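Enquirer: What follows is the file data.cif, containing mmCIF, C-alpha atoms (C1' of nucleotides):
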data_query
#
loop_
_atom_site.label_atom_id
_atom_site.label_comp_id
_atom_site.auth_asym_id
_atom_site.auth_seq_id
_atom_site.Cartn_x
_atom_site.Cartn_y
_atom_site.Cartn_z
CA MET A 1 0.00 0.00 0.00
CA PRO A 2 2.26 2.77 1.18
CA GLU A 3 3.71 5.12 -1.37
CA LEU A 4 3.59 8.89 -1.10
CA PRO A 5 -0.22 9.21 -1.49
CA ASP A 6 -0.90 6.55 1.12
CA VAL A 7 1.44 8.15 3.61
CA GLU A 8 -0.29 11.46 2.92
CA GLY A 9 -3.53 9.71 3.88
CA PHE A 10 -1.93 8.49 7.12
CA ARG A 11 -0.75 12.02 7.77
CA ARG A 12 -4.36 13.18 7.66
CA VAL A 13 -5.36 10.46 10.11
CA LEU A 14 -2.74 11.66 12.54
CA ALA A 15 -3.57 15.32 11.87
CA ALA A 16 -7.15 14.69 12.97
CA HIS A 17 -5.85 13.85 16.45
CA THR A 18 -3.24 16.45 17.15
CA GLY A 19 -3.54 17.88 20.63
CA ALA A 20 -5.14 14.77 22.12
CA ARG A 21 -3.30 13.60 25.23
CA ILE A 22 -1.32 10.39 24.83
CA ARG A 23 -2.38 8.24 27.77
CA ARG A 24 0.10 5.50 27.02
CA VAL A 25 1.68 3.53 24.19
CA ASP A 26 1.09 -0.20 23.90
CA VAL A 27 4.06 -1.71 22.13
CA LEU A 28 2.73 -5.04 20.90
CA ASP A 29 5.89 -5.88 18.95
CA ALA A 30 9.07 -4.21 20.20
CA GLN A 31 10.83 -5.24 16.99
CA MET A 32 9.00 -2.41 15.23
CA LEU A 33 10.74 0.23 17.32
CA ARG A 34 14.09 1.04 15.73
CA GLY A 35 16.82 2.39 17.94
CA VAL A 36 14.63 2.75 21.02
CA GLY A 37 13.19 0.34 23.57
CA ALA A 38 9.53 -0.09 24.37
CA ARG A 39 9.90 1.37 27.85
CA GLY A 40 11.86 4.44 26.79
CA PHE A 41 9.47 5.06 23.91
CA GLY A 42 6.41 4.92 26.15
CA GLU A 43 7.95 7.15 28.78
CA ARG A 44 8.93 9.71 26.18
CA LEU A 45 5.36 9.95 24.83
CA ARG A 46 3.19 9.52 27.87
CA GLY A 47 1.24 12.64 28.80
CA LYS A 48 2.36 14.50 25.65
CA SER A 49 0.41 15.12 22.47
CA PHE A 50 1.16 15.28 18.78
CA ALA A 51 1.58 18.60 17.01
CA ALA A 52 0.70 19.07 13.31
CA PRO A 53 2.27 16.17 11.38
CA ARG A 54 4.16 16.43 8.13
CA ARG A 55 5.41 14.07 5.46
CA HIS A 56 8.63 13.84 3.52
CA GLY A 57 8.78 11.15 0.85
CA LYS A 58 7.45 8.02 2.53
CA TRP A 59 8.23 9.24 6.06
CA LEU A 60 5.48 10.44 8.35
CA VAL A 61 6.72 12.84 11.02
CA GLY A 62 4.65 13.26 14.16
CA PRO A 63 6.20 16.05 16.23
CA LEU A 64 5.61 15.92 19.97
CA ARG A 65 4.53 19.08 21.74
CA GLY A 66 7.45 20.06 23.85
CA GLY A 67 10.07 18.68 21.48
CA GLY A 68 11.10 15.55 19.65
CA ALA A 69 9.15 13.56 17.10
CA VAL A 70 7.95 10.11 16.15
CA LEU A 71 8.96 9.07 12.62
CA VAL A 72 6.93 6.32 11.01
CA HIS A 73 7.81 4.31 7.90
CA PHE A 74 5.21 1.94 6.49
CA GLY A 75 7.32 -0.45 4.44
CA MET A 76 5.20 -2.41 1.99
CA THR A 77 2.26 -3.34 4.19
CA GLY A 78 2.02 -0.66 6.87
CA ASP A 79 -1.14 1.17 7.89
CA LEU A 80 -2.25 3.75 10.43
CA ARG A 81 -5.86 3.86 11.57
CA TRP A 82 -7.93 5.53 14.23
CA THR A 83 -10.35 3.47 16.23
CA ARG A 84 -12.48 4.04 19.30
CA ASP A 85 -13.10 0.43 20.11
CA GLY A 86 -12.91 -3.02 18.64
CA GLU A 87 -10.41 -5.80 19.05
CA ARG A 88 -6.90 -5.33 17.90
CA HIS A 89 -5.71 -7.09 14.80
CA PRO A 90 -2.89 -9.66 15.00
CA HIS A 91 -0.77 -7.35 12.85
CA ASP A 92 -1.25 -4.31 15.05
CA ARG A 93 2.29 -3.63 16.26
CA VAL A 94 2.02 -0.36 18.18
CA ALA A 95 -1.07 1.34 19.63
CA PHE A 96 -0.98 5.00 20.66
CA VAL A 97 -3.72 5.23 23.26
CA LEU A 98 -5.09 8.78 23.24
CA ASP A 99 -7.99 10.39 25.03
CA GLY A 100 -11.03 9.16 23.13
CA GLY A 101 -9.52 6.33 21.11
CA GLU A 102 -6.32 4.93 19.72
CA LEU A 103 -4.09 5.17 16.69
CA ARG A 104 -3.02 1.72 15.55
CA TYR A 105 0.12 1.10 13.54
CA ARG A 106 -0.48 -2.13 11.69
CA ASP A 107 2.09 -3.90 9.55
CA MET A 108 2.11 -7.46 8.36
CA ARG A 109 5.61 -7.81 7.02
CA LYS A 110 7.56 -5.69 9.49
CA LEU A 111 10.04 -4.49 6.89
CA GLN A 112 10.35 -1.02 8.37
CA GLY A 113 9.30 0.55 11.65
CA ILE A 114 9.07 3.52 13.98
CA ARG A 115 11.90 5.79 15.10
CA LEU A 116 12.12 8.37 17.83
CA ALA A 117 13.93 11.68 17.30
CA ASP A 118 14.94 13.61 20.40
CA ASP A 119 14.93 17.00 18.72
CA ASP A 120 14.53 18.79 15.39
CA ALA A 121 18.13 18.18 14.44
CA ALA A 122 17.60 14.43 14.81
CA VAL A 123 14.53 14.63 12.58
CA GLU A 124 16.49 16.47 9.92
CA ARG A 125 19.30 13.95 10.09
CA ILE A 126 16.88 11.16 9.17
CA LEU A 127 15.08 13.13 6.47
CA ALA A 128 18.35 14.30 4.96
CA GLU A 129 18.87 10.81 3.57
CA VAL A 130 15.82 11.31 1.35
CA GLY A 131 15.92 13.45 -1.78
CA PRO A 132 13.45 16.27 -2.50
CA ASP A 133 9.81 15.31 -2.06
CA ALA A 134 8.28 14.25 -5.36
CA THR A 135 5.40 16.71 -4.96
CA ASP A 136 7.84 19.62 -4.78
CA VAL A 137 10.27 18.83 -7.57
CA GLY A 138 10.45 21.25 -10.47
CA ARG A 139 11.06 20.33 -14.10
CA ASP A 140 14.61 21.58 -14.24
CA GLU A 141 15.46 19.89 -10.98
CA LEU A 142 13.98 16.65 -12.30
CA ARG A 143 16.15 16.92 -15.39
CA GLU A 144 19.25 17.21 -13.25
CA LEU A 145 18.23 14.25 -11.11
CA LEU A 146 17.77 12.12 -14.21
CA ASP A 147 20.99 13.19 -15.91
CA ARG A 148 22.88 9.92 -15.60
CA ARG A 149 23.18 6.64 -17.44
CA ARG A 150 20.97 4.87 -14.94
CA GLN A 151 17.59 3.60 -16.15
CA VAL A 152 14.79 6.10 -15.59
CA LYS A 153 12.59 3.87 -13.44
CA PRO A 154 15.16 2.90 -10.80
CA THR A 155 16.12 6.57 -10.58
CA LEU A 156 12.53 7.66 -9.96
CA THR A 157 12.06 5.10 -7.20
CA ASP A 158 15.44 5.74 -5.53
CA GLN A 159 14.48 7.54 -2.32
CA ALA A 160 17.89 9.15 -2.06
CA VAL A 161 17.20 10.83 -5.41
CA LEU A 162 13.50 11.61 -5.11
CA GLY A 163 11.24 11.02 -2.12
CA GLY A 164 7.89 9.29 -2.32
CA ILE A 165 7.64 7.39 -5.60
CA GLY A 166 7.32 3.62 -5.33
CA ASN A 167 7.06 0.74 -7.74
CA LEU A 168 3.41 1.23 -8.77
CA LEU A 169 3.55 5.00 -9.11
CA ALA A 170 6.69 4.82 -11.22
CA ASP A 171 5.02 2.47 -13.70
CA GLU A 172 1.92 4.66 -13.78
CA ILE A 173 3.86 7.88 -14.36
CA LEU A 174 6.11 6.40 -17.05
CA TRP A 175 3.14 4.89 -18.86
CA ARG A 176 1.37 8.24 -18.92
CA ALA A 177 4.51 9.95 -20.15
CA ARG A 178 4.97 7.22 -22.78
CA ILE A 179 8.51 6.55 -21.66
CA ASN A 180 10.04 3.08 -21.52
CA PRO A 181 11.17 2.32 -17.96
CA ARG A 182 14.53 1.01 -19.13
CA ARG A 183 15.62 4.13 -20.99
CA PRO A 184 18.69 5.78 -19.50
CA GLY A 185 17.74 9.08 -17.88
CA ASN A 186 20.39 11.05 -19.71
CA ARG A 187 19.00 9.96 -23.08
CA LEU A 188 15.60 11.51 -22.48
CA SER A 189 14.90 14.57 -24.60
CA ALA A 190 14.01 17.90 -23.00
CA LYS A 191 10.49 17.28 -24.20
CA ASP A 192 10.45 13.83 -22.58
CA VAL A 193 11.47 15.31 -19.24
CA THR A 194 8.83 18.03 -19.50
CA THR A 195 6.15 15.44 -20.22
CA LEU A 196 7.45 13.22 -17.42
CA HIS A 197 7.31 16.13 -15.00
CA THR A 198 3.77 17.05 -16.02
CA ARG A 199 2.51 13.47 -15.69
CA LEU A 200 4.32 12.97 -12.42
CA ARG A 201 2.59 15.98 -10.92
CA SER A 202 -0.80 15.04 -12.28
CA VAL A 203 -0.62 11.44 -11.06
CA LEU A 204 0.54 12.54 -7.63
CA ARG A 205 -2.11 15.23 -7.36
CA GLN A 206 -4.91 12.77 -8.10
CA ALA A 207 -3.49 10.02 -5.92
CA VAL A 208 -2.86 12.36 -2.99
CA ALA A 209 -6.45 13.61 -3.24
CA ALA A 210 -7.63 10.01 -3.01
CA GLY A 211 -5.13 9.15 -0.27
CA ARG A 212 -4.02 6.15 -2.34
CA VAL A 213 -3.29 5.07 -5.88
CA PRO A 214 -6.82 5.03 -7.25
CA PRO A 215 -7.84 1.50 -8.37
CA ARG A 216 -9.35 2.62 -11.65
CA THR A 217 -9.23 0.65 -14.87
CA SER A 218 -8.29 3.82 -16.74
CA TRP A 219 -5.03 3.71 -14.80
CA LEU A 220 -2.27 1.27 -15.66
CA THR A 221 -2.20 0.32 -11.99
CA GLY A 222 -5.80 -0.83 -12.28
CA ARG A 223 -4.78 -3.50 -14.82
CA ARG A 224 -1.81 -4.77 -12.94
CA ASP A 225 -3.44 -7.78 -11.41
CA GLU A 226 -5.06 -8.98 -14.62
CA PRO A 227 -2.98 -11.93 -15.94
CA SER A 228 -3.01 -10.65 -19.53
CA GLY A 229 -4.06 -7.07 -18.97
CA SER A 230 -4.21 -4.66 -21.85
CA CYS A 231 -3.18 -1.03 -22.15
CA PRO A 232 -6.08 1.26 -21.13
CA ARG A 233 -5.11 3.56 -24.00
CA CYS A 234 -4.39 1.37 -27.02
CA VAL A 235 -5.55 -2.13 -26.00
CA THR A 236 -2.14 -3.68 -26.66
CA THR A 237 -1.30 -6.53 -24.28
CA LEU A 238 0.90 -5.18 -21.50
CA HIS A 239 4.47 -6.37 -21.05
CA ARG A 240 5.77 -7.58 -17.74
CA GLY A 241 9.40 -7.81 -16.79
CA ARG A 242 12.03 -6.83 -14.28
CA VAL A 243 13.53 -3.37 -14.21
CA GLY A 244 15.89 -2.38 -11.44
CA GLY A 245 15.08 -5.66 -9.76
CA ARG A 246 11.38 -4.88 -9.46
CA GLY A 247 8.34 -6.26 -11.23
CA THR A 248 7.46 -3.76 -13.96
CA VAL A 249 4.49 -3.34 -16.28
CA TRP A 250 4.51 -1.26 -19.46
CA CYS A 251 2.86 -0.98 -22.86
CA PRO A 252 5.21 -2.03 -25.67
CA ASN A 253 3.26 0.10 -28.12
CA CYS A 254 2.99 3.34 -26.13
CA GLN A 255 6.38 2.98 -24.45
CA PRO A 256 8.76 1.63 -27.10
CA GLY A 257 12.31 0.87 -26.01
"C1'" DC B 258 8.09 -26.72 -1.90
"C1'" DG B 259 8.92 -22.41 -4.95
"C1'" DG B 260 7.81 -17.83 -6.27
"C1'" DC B 261 6.03 -13.31 -5.60
"C1'" DG B 262 5.19 -8.59 -3.37
"C1'" DT B 263 2.98 -0.68 -3.07
"C1'" DG B 264 10.29 -1.12 0.69
"C1'" DT B 265 15.13 -0.60 2.02
"C1'" DT B 266 19.97 -1.93 2.72
"C1'" DC B 267 24.17 -4.17 1.92
"C1'" DA B 268 27.96 -6.79 -0.29
"C1'" DG B 269 30.05 -7.81 -4.37
"C1'" DA B 270 30.46 -7.81 -9.35
"C1'" DA B 271 30.75 -5.47 -13.89
"C1'" DC C 272 33.40 6.23 -9.37
"C1'" DT C 273 28.82 4.57 -11.31
"C1'" DT C 274 25.62 1.02 -12.02
"C1'" DC C 275 23.59 -3.34 -11.46
"C1'" DT C 276 22.40 -7.89 -9.22
"C1'" DG C 277 21.18 -10.83 -5.60
"C1'" DA C 278 20.32 -11.70 -0.96
"C1'" DA C 279 18.39 -10.43 3.30
"C1'" DC C 280 14.61 -8.93 6.37
"C1'" DA C 281 9.29 -10.96 7.41
"C1'" DC C 282 4.72 -12.71 6.41
"C1'" DG C 283 0.89 -14.29 3.73
"C1'" DC C 284 -0.89 -15.87 -0.67
"C1'" DC C 285 -0.91 -18.47 -4.60
#
Please render this file's structure as structure tokens.

Expert:
Amino acid sequence: MPELPDVEGFRRVLAAHTGARIRRVDVLDAQMLRGVGARGFGERLRGKSFAAPRRHGKWLVGPLRGGGAVLVHFGMTGDLRWTRDGERHPHDRVAFVLDGGELRYRDMRKLQGIRLADDDAAVERILAEVGPDATDVGRDELRELLDRRRQVKPTLTDQAVLGGIGNLLADEILWRARINPRRPGNRLSAKDVTTLHTRLRSVLRQAVAAGRVPPRTSWLTGRRDEPSGSCPRCVTTLHRGRVGGRGTVWCPNCQPG
DNA sequence: CGGCGTGTTCAGAA
DNA sequence: CTTCTGAACACGCC
């Protein structure tokens, strides 16, 4: 689930509960806390409240009133939900018990986790490893980021280069821009980069509004699970292969090599 | 049993 | 130095 739009959705969930007192934190799986123990984490948060959250790339930052912040990464299967009651799910790993209900961090695969930053400088140190957020990047900046021999898709999904784009979004954006995912970035024309930038912004804008990658059949992503899916634009059978080590879908007609 | 996956990191090879 | 590949992490579903 979690790419930039999904994390933006989680940010809104957290934003709806800023200011609520944190009664306690139930750490159901201490393995999900990175670089901090369950006891220290709970003591640091108890009695505090979250201030307005922000997002950078796939990181969700929940600042604590009075200093410090909780940084959440959702890996491939993470989720953050608000609930007032109901039994916890087996994959709920951490529950922030607030006045009035709780925020549950759920994650099946446990590939990433939650970090605790003691101050703003610590937050910046973590975020500094991520490139500019994909929603902020300008066309000229994008051209510079792509100006290397590396294939365009792995560059787009490299978080150190650009923050927020994952495997599905990259395929969607490249399909809309009619660019083959294997083309080296430095062989894209100026026009290609302009189109790529336009499509990138449009896909992100729509997905962020939905809080997810919309499962629509007019999107390439909507055809992904069909065994022999066809291009929503030209009805050619989609190609599937590996690019940058990741499963990749593209239209051989719209996105010629 | 083998393979795959909306993520990231690391070692080692080319 | 840049780029790429495979393995690892962990869990559920074919």

Enquirer: Could you tell me how far atom CA of A:Val61 sits from atom CA of A:Phe10, in Å to one decimal place?

Expert: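 Interatomic distance here is 10.4 Å.
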
Enquirer: Wanna dump the chain A-chain C contacts at 12 Å for me, each residue with its shortest atom pair and the distance in Å to one decimal, counting only C-alpha atoms (C1' of nucleotides), ordered by chain and number, as JSON lines?

Expert:
{"residue": "A:Gln31", "atom": "CA", "partner": "C:DA281", "partner_atom": "C1'", "distance": 11.3}
{"residue": "A:Met32", "atom": "CA", "partner": "C:DA281", "partner_atom": "C1'", "distance": 11.6}
{"residue": "A:Gly75", "atom": "CA", "partner": "C:DA281", "partner_atom": "C1'", "distance": 11.1}
{"residue": "A:Met76", "atom": "CA", "partner": "C:DA281", "partner_atom": "C1'", "distance": 10.9}
{"residue": "A:Thr77", "atom": "CA", "partner": "C:DC282", "partner_atom": "C1'", "distance": 9.9}
{"residue": "A:Pro90", "atom": "CA", "partner": "C:DC282", "partner_atom": "C1'", "distance": 11.9}
{"residue": "A:His91", "atom": "CA", "partner": "C:DC282", "partner_atom": "C1'", "distance": 10.0}
{"residue": "A:Asp107", "atom": "CA", "partner": "C:DC282", "partner_atom": "C1'", "distance": 9.7}
{"residue": "A:Met108", "atom": "CA", "partner": "C:DC282", "partner_atom": "C1'", "distance": 6.2}
{"residue": "A:Arg109", "atom": "CA", "partner": "C:DA281", "partner_atom": "C1'", "distance": 4.9}
{"residue": "A:Lys110", "atom": "CA", "partner": "C:DA281", "partner_atom": "C1'", "distance": 5.9}
{"residue": "A:Leu111", "atom": "CA", "partner": "C:DC280", "partner_atom": "C1'", "distance": 6.4}
{"residue": "A:Gln112", "atom": "CA", "partner": "C:DC280", "partner_atom": "C1'", "distance": 9.2}
{"residue": "A:Arg148", "atom": "CA", "partner": "C:DT273", "partner_atom": "C1'", "distance": 9.1}
{"residue": "A:Arg149", "atom": "CA", "partner": "C:DT274", "partner_atom": "C1'", "distance": 8.2}
{"residue": "A:Arg150", "atom": "CA", "partner": "C:DT274", "partner_atom": "C1'", "distance": 6.7}
{"residue": "A:Gln151", "atom": "CA", "partner": "C:DT274", "partner_atom": "C1'", "distance": 9.4}
{"residue": "A:Pro154", "atom": "CA", "partner": "C:DC275", "partner_atom": "C1'", "distance": 10.5}
{"residue": "A:Thr155", "atom": "CA", "partner": "C:DT274", "partner_atom": "C1'", "distance": 11.1}
{"residue": "A:Pro184", "atom": "CA", "partner": "C:DT274", "partner_atom": "C1'", "distance": 11.3}
{"residue": "A:Arg242", "atom": "CA", "partner": "C:DT276", "partner_atom": "C1'", "distance": 11.6}
{"residue": "A:Val243", "atom": "CA", "partner": "C:DC275", "partner_atom": "C1'", "distance": 10.4}
{"residue": "A:Gly244", "atom": "CA", "partner": "C:DC275", "partner_atom": "C1'", "distance": 7.8}
{"residue": "A:Gly245", "atom": "CA", "partner": "C:DT276", "partner_atom": "C1'", "distance": 7.7}
{"residue": "A:Arg246", "atom": "CA", "partner": "C:DT276", "partner_atom": "C1'", "distance": 11.4}

Enquirer: May I have the residues from that selection written out with C-alpha atoms, as a tab-separated table (two decimals), keeping the file's coordinate frame?

Expert:
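Output saved as out-v5.tsv:
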chain	number	residue	atom	x	y	z
A	31	GLN	CA	10.83	-5.24	16.99
A	32	MET	CA	9.00	-2.41	15.23
A	75	GLY	CA	7.32	-0.45	4.44
A	76	MET	CA	5.20	-2.41	1.99
A	77	THR	CA	2.26	-3.34	4.19
A	90	PRO	CA	-2.89	-9.66	15.00
A	91	HIS	CA	-0.77	-7.35	12.85
A	107	ASP	CA	2.09	-3.90	9.55
A	108	MET	CA	2.11	-7.46	8.36
A	109	ARG	CA	5.61	-7.81	7.02
A	110	LYS	CA	7.56	-5.69	9.49
A	111	LEU	CA	10.04	-4.49	6.89
A	112	GLN	CA	10.35	-1.02	8.37
A	148	ARG	CA	22.88	9.92	-15.60
A	149	ARG	CA	23.18	6.64	-17.44
A	150	ARG	CA	20.97	4.87	-14.94
A	151	GLN	CA	17.59	3.60	-16.15
A	154	PRO	CA	15.16	2.90	-10.80
A	155	THR	CA	16.12	6.57	-10.58
A	184	PRO	CA	18.69	5.78	-19.50
A	242	ARG	CA	12.03	-6.83	-14.28
A	243	VAL	CA	13.53	-3.37	-14.21
A	244	GLY	CA	15.89	-2.38	-11.44
A	245	GLY	CA	15.08	-5.66	-9.76
A	246	ARG	CA	11.38	-4.88	-9.46

Enquirer: I need the contact residues of chain B against chain A, so if you could list those with any atom within 12 Å, counting all atoms listed in the file, and return them as a PDB file with C-alpha atoms (C1' of nucleotides), in the frame of the given file, that would help.

Expert:
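result.pdb written:
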ATOM      1  C1'  DC B 261       6.030 -13.310  -5.600  1.00  0.00           C
ATOM      2  C1'  DG B 262       5.190  -8.590  -3.370  1.00  0.00           C
ATOM      3  C1'  DT B 263       2.980  -0.680  -3.070  1.00  0.00           C
ATOM      4  C1'  DG B 264      10.290  -1.120   0.690  1.00  0.00           C
ATOM      5  C1'  DT B 265      15.130  -0.600   2.020  1.00  0.00           C
ATOM      6  C1'  DT B 266      19.970  -1.930   2.720  1.00  0.00           C
TER       7       DT B 266
END

Enquirer: Can you tell me, as an MDAnalysis selection string, what residues are no more than 10 Å from A:Arg139 when counting all atoms listed in the file, ignoring any on the same chain fewer than 5 positions away?

Expert: chainID A and resid 144:145 190 193:198

Enquirer: Would you work out the distance separating atom CA of A:Gly211 from atom CA of A:Pro232, expressed in Å to one decimal?

Expert: 22.3 Å

Enquirer: Using all atoms listed in the file - which residues lie no farther than 12 Å from the point (7.0, 8.9, 9.8) in the file's frame? Write them as an MDAnalysis selection string.

Expert: chainID A and resid 2 4 6:8 10:11 14 53:63 69:75 78:80 105 112:117 123 126:127

Enquirer: In Å, with one decimal, what is the gap from atom CA of A:Arg187 to atom CA of A:Asp147?

Expert: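 One can read the atom CA of A:Arg187 to atom CA of A:Asp147 distance as 8.1 Å.
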
Enquirer: Using only C-alpha atoms, which of A:Gly19, A:Gly67, A:Pro227, A:Gly101 sits nearest A:Phe50?

Expert: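 Result for the nearest residue to A:Phe50: A:Gly19.
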
Enquirer: First collect every listed atom of stretch 204-221 of chain A; then fit an axis-aligned box around them, widen it by 6 Å on each side, and give centre and edge lengths in Å to one decimal, as lines of an AutoDock Vina configuration file.

Expert:
center_x = -4.4
center_y = 7.8
center_z = -8.5
size_x = 21.9
size_y = 26.9
size_z = 28.5

Enquirer: So which residues get picked by the PyMOL selection byres ((chain A and resi 248-255) around 7) here, written as an MDAnalysis selection string?

Expert: chainID A and resid 171 175 178:180 231 236 238:243 246:247 256:257

Enquirer: Got a sec to check which residues sit within 7 Å of (-5.8, 0.1, 12.3), counting all atoms listed in the file, and write them as a ChimeraX atom specification?

Expert: /A:79-83,92,103-106
